[in-house]
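Written below as structure tokens is the structure these notes are about.
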Amino acid sequence: MLETIHEFQTLRLERDGAIVQITLNRPDRLNAMDDVMFDEIPRAVRMVARDDTVRAVIYTGAGRAFCAGREMAALADRANAAEVFGVPKPAGREMDFVEGLQVPVIAAVNGAAAGAGMGVALLADFRIAAESALFAEAHVQRGLAPSVAAWYLPRLMGVAKAMEVLLLEKKINAQDALRYGLVNSVVPDAELMNAAWAMARRLAELPPLTVRFTKYCVQQGLASSLDAVRASAGWAQALTRLSTDEQLPPAGKK
């Protein structure tokens with residue numbers, strides 16, 4: 001049974017056993033990210049990340065959308081001379097949604113995931129889409145260069161299709177997202193959260209340290225050579241063997 005563990009102004013954290021669900025909670029704004037959310041997200045993630053009993057995290061949106069991206073009104077308010085001529089800050093603040101989370105992250109995508117909201121979904125380790133899900137990249141049309149999507153989309157769907165999404169604002173429905181490899185599965189809207197929780201429970205039953213090391217090795221592999229990943233995996237296996245019994249065979253097996 002879900003228990004609310006913290007209620008932020010723009011987020012709701014709930015927990016059942018070893019699984020935490022983080023709900024973007026601005027349904028009247030289609031869960032668009034404003035400055036308050038960007039302040040609360042790192043606090044929420046740190047709260048979850050420092051709890052070693054958490055085994056999986058689910059992200060979803062309240063109401064009829066996953067996340068409509070950045071709140072453009074707030075962004076426009078900061079477009080002053082100091083920001084225009086100052087030292088540029090790295091784009092892709094949606095990275096805060098996963099920064100420090102070593103456990104598997106599942107995005108349960110209900111409705112629209114647009115702009116930075118699409119970035120949040122792409123940053124997850126698993127993506128389950130409701131039939132109503134719609135992915136869209138709107139950075140270029142707003143005069144902004146994309147960041148997270150520009151890194152992920154060519155790797156997931158190829159350069160040519162990625163450029164259609166990034167430059168021509170091609171929207172991707174749930175079935176196309178499955179065909180392109182952007183999501184793991186598509187389910188009826190009413191079954192979305194049950195599917196996300198079923199996957200989270202499967203992940204929570206796996207050896208926890210091995211799961212964390214596997215996620216780390218995959219992330220290393222996206223930016224490193226095979227030899228570097230082999231070295232990381234070797235250290236991970238040694239540490240697991242020395243500090244846990246996760247490599248022991250299940251009871252009754254040899």
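Letters A, B, ... go to the chains of the structure tokens in the order shown; residues in each chain start at 1; ligands are counted from 1 in the same order.
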
Query raised in the report: Which residues, written as JSON, numbers by chain, have at least one atom at most 12 Å from Lys161 of chain A, with only C-alpha atoms counted and residues fewer than 5 positions away on the same chain left out?
Result: {"A": [150, 153, 154, 155, 156, 166, 167, 168, 169, 170, 171, 172, 176, 177, 180, 181, 182]}

Report task. Could you pull out the residues in segment 33-205 of chain A that DSSP calls strand (DSSP E) from the backbone, as a PyMOL selection string? Result -> chain A and resi 56-61+105-109+112-114+126-130+134-136+172-173+185-187

Save out the residues we just selected, N, CA and C atoms, as a compact mmCIF listing (two decimals), in the first residue's frame.
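Output file selection-v8.txt follows:
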# COMPACT_ATOMS: atom_id res chain seq x y z
N ALA A 56 14.27 0.62 -6.03
CA ALA A 56 13.84 1.10 -7.35
C ALA A 56 13.03 2.38 -7.16
N VAL A 57 13.03 3.22 -8.22
CA VAL A 57 12.31 4.49 -8.19
C VAL A 57 11.43 4.57 -9.44
N ILE A 58 10.20 5.03 -9.24
CA ILE A 58 9.27 5.24 -10.35
C ILE A 58 8.97 6.73 -10.45
N TYR A 59 9.06 7.28 -11.67
CA TYR A 59 8.62 8.65 -11.94
C TYR A 59 7.33 8.62 -12.75
N THR A 60 6.40 9.47 -12.40
CA THR A 60 5.20 9.64 -13.21
C THR A 60 4.67 11.05 -12.98
N GLY A 61 3.64 11.42 -13.73
CA GLY A 61 3.06 12.75 -13.60
C GLY A 61 1.63 12.68 -13.11
N VAL A 105 15.70 3.28 -12.31
CA VAL A 105 14.66 4.32 -12.39
C VAL A 105 13.72 3.97 -13.54
N ILE A 106 12.43 3.96 -13.25
CA ILE A 106 11.39 3.65 -14.23
C ILE A 106 10.57 4.91 -14.48
N ALA A 107 10.40 5.27 -15.74
CA ALA A 107 9.50 6.37 -16.10
C ALA A 107 8.18 5.77 -16.55
N ALA A 108 7.11 6.06 -15.84
CA ALA A 108 5.76 5.65 -16.23
C ALA A 108 5.13 6.84 -16.93
N VAL A 109 5.18 6.82 -18.27
CA VAL A 109 4.85 8.00 -19.07
C VAL A 109 3.37 8.03 -19.40
N ALA A 112 1.57 13.51 -22.33
CA ALA A 112 2.66 14.18 -23.01
C ALA A 112 3.95 14.19 -22.19
N ALA A 113 5.06 13.91 -22.89
CA ALA A 113 6.41 14.10 -22.35
C ALA A 113 7.13 14.96 -23.37
N ALA A 114 7.20 16.26 -23.10
CA ALA A 114 7.66 17.21 -24.11
C ALA A 114 8.88 17.97 -23.63
N PHE A 126 14.31 2.53 -17.51
CA PHE A 126 13.20 1.84 -18.16
C PHE A 126 12.09 2.85 -18.42
N ARG A 127 11.39 2.67 -19.53
CA ARG A 127 10.28 3.54 -19.85
C ARG A 127 9.08 2.69 -20.24
N ILE A 128 7.98 2.88 -19.52
CA ILE A 128 6.71 2.23 -19.84
C ILE A 128 5.75 3.33 -20.25
N ALA A 129 5.15 3.20 -21.42
CA ALA A 129 4.28 4.25 -21.95
C ALA A 129 2.82 3.81 -21.90
N ALA A 130 1.97 4.71 -21.47
CA ALA A 130 0.54 4.51 -21.63
C ALA A 130 0.21 4.69 -23.11
N LEU A 134 2.73 10.67 -25.53
CA LEU A 134 3.18 11.37 -26.73
C LEU A 134 4.50 12.06 -26.40
N PHE A 135 5.53 11.75 -27.18
CA PHE A 135 6.85 12.32 -26.96
C PHE A 135 7.09 13.42 -27.99
N ALA A 136 7.61 14.57 -27.53
CA ALA A 136 7.84 15.69 -28.43
C ALA A 136 9.05 16.49 -27.96
N ILE A 172 6.10 11.70 -31.46
CA ILE A 172 6.18 10.25 -31.46
C ILE A 172 5.10 9.71 -30.53
N ASN A 173 4.15 8.96 -31.09
CA ASN A 173 3.12 8.35 -30.24
C ASN A 173 3.67 7.10 -29.58
N SER A 185 7.78 -0.89 -23.18
CA SER A 185 6.47 -1.48 -23.44
C SER A 185 5.42 -0.39 -23.48
N VAL A 186 4.27 -0.74 -24.07
CA VAL A 186 3.11 0.14 -24.12
C VAL A 186 1.93 -0.61 -23.51
N VAL A 187 1.21 0.04 -22.63
CA VAL A 187 0.08 -0.60 -21.95
C VAL A 187 -1.12 0.34 -21.97

Query - For Asn110 of chain A: contacts at 6 Å, only C-alpha atoms, fewer than 6 positions along chain excluded, given as a ChimeraX atom specification - result: /A:65-66,130,133

Query - Of the listed residues A:Glu3, A:Asp28, A:Glu99, A:Asp35, that which approaches Arg50 of chain A most closely, counting only C-alpha atoms - result: A:Glu99

Report task. Using only C-alpha atoms, find the one residue out of A:Ala116, A:Ala162, A:Ala190, A:Val103 that sits nearest to Thr214 of chain A. Result -> A:Val103

Query raised in the report: Can you tell me, as a ChimeraX atom specification, what residues are no more than 9 Å from Asn31 of chain A when counting only C-alpha atoms, ignoring any on the same chain fewer than 6 positions away?
Result: /A:10,24-25,61-63,65-69,117

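Distances to Arg55 of chain A were evaluated for A:Leu101, A:Ala149, A:Leu122, A:Val159 using only C-alpha atoms, and the minimum falls at A:Leu101.
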
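Atom CA of Gly119 of chain A is positioned 26.5 Å from atom CA of Thr210 of chain A.
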
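Shortest separation to Arg29 of chain A among A:Cys217, A:Val140, A:Met72, A:Val54 occurs at residue A:Met72, atoms counted being only C-alpha atoms.
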
Would you pick out the contacts of Met95 of chain A at 10 Å or less, using only C-alpha atoms, so that residues sharing its chain but fewer than 6 positions from it are not included, and give the list as a PDB file with N, CA and C atoms, in the first residue's frame?
ATOM      1  N   ILE A  41      13.499  19.102  -6.725  1.00  0.00           N
ATOM      2  CA  ILE A  41      13.931  17.816  -7.263  1.00  0.00           C
ATOM      3  C   ILE A  41      15.247  17.324  -6.644  1.00  0.00           C
ATOM      4  N   PRO A  42      16.317  18.141  -6.590  1.00  0.00           N
ATOM      5  CA  PRO A  42      17.546  17.628  -5.967  1.00  0.00           C
ATOM      6  C   PRO A  42      17.361  17.235  -4.514  1.00  0.00           C
ATOM      7  N   ALA A 116      12.003  19.215 -22.050  1.00  0.00           N
ATOM      8  CA  ALA A 116      12.757  18.682 -20.915  1.00  0.00           C
ATOM      9  C   ALA A 116      12.020  17.521 -20.259  1.00  0.00           C
ATOM     10  N   GLY A 119      13.186  14.642 -21.886  1.00  0.00           N
ATOM     11  CA  GLY A 119      14.515  14.363 -21.347  1.00  0.00           C
ATOM     12  C   GLY A 119      14.456  13.572 -20.064  1.00  0.00           C
ATOM     13  N   VAL A 120      13.536  13.915 -19.177  1.00  0.00           N
ATOM     14  CA  VAL A 120      13.382  13.165 -17.924  1.00  0.00           C
ATOM     15  C   VAL A 120      13.072  11.702 -18.216  1.00  0.00           C
ATOM     16  N   LEU A 123      16.124   9.837 -19.505  1.00  0.00           N
ATOM     17  CA  LEU A 123      17.138   9.596 -18.481  1.00  0.00           C
ATOM     18  C   LEU A 123      16.842   8.369 -17.636  1.00  0.00           C
ATOM     19  N   VAL A 148      19.820  16.878 -23.492  1.00  0.00           N
ATOM     20  CA  VAL A 148      19.650  15.459 -23.152  1.00  0.00           C
ATOM     21  C   VAL A 148      19.128  14.668 -24.350  1.00  0.00           C
TER      22      VAL A 148
END

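One finds atom CA of Ala198 of chain A at 17.7 Å from atom CA of Glu131 of chain A.
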
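By chain and then residue number, the residues within 8 Å of His139 of chain A are A:Gly115, A:Gly143, A:Leu144, A:Ala145, A:Pro146, A:Leu166, counting only C-alpha atoms and disregarding those fewer than 4 positions away in sequence.
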
Report task. Going by DSSP on the backbone, which bits of segment 71-216 of chain A are helix (DSSP H, G or I)? Write them as a PyMOL selection string, please. Result -> chain A and resi 72-77+81-85+93-97+116-123+140-142+148-157+159-168+174-180+189-204+208-216
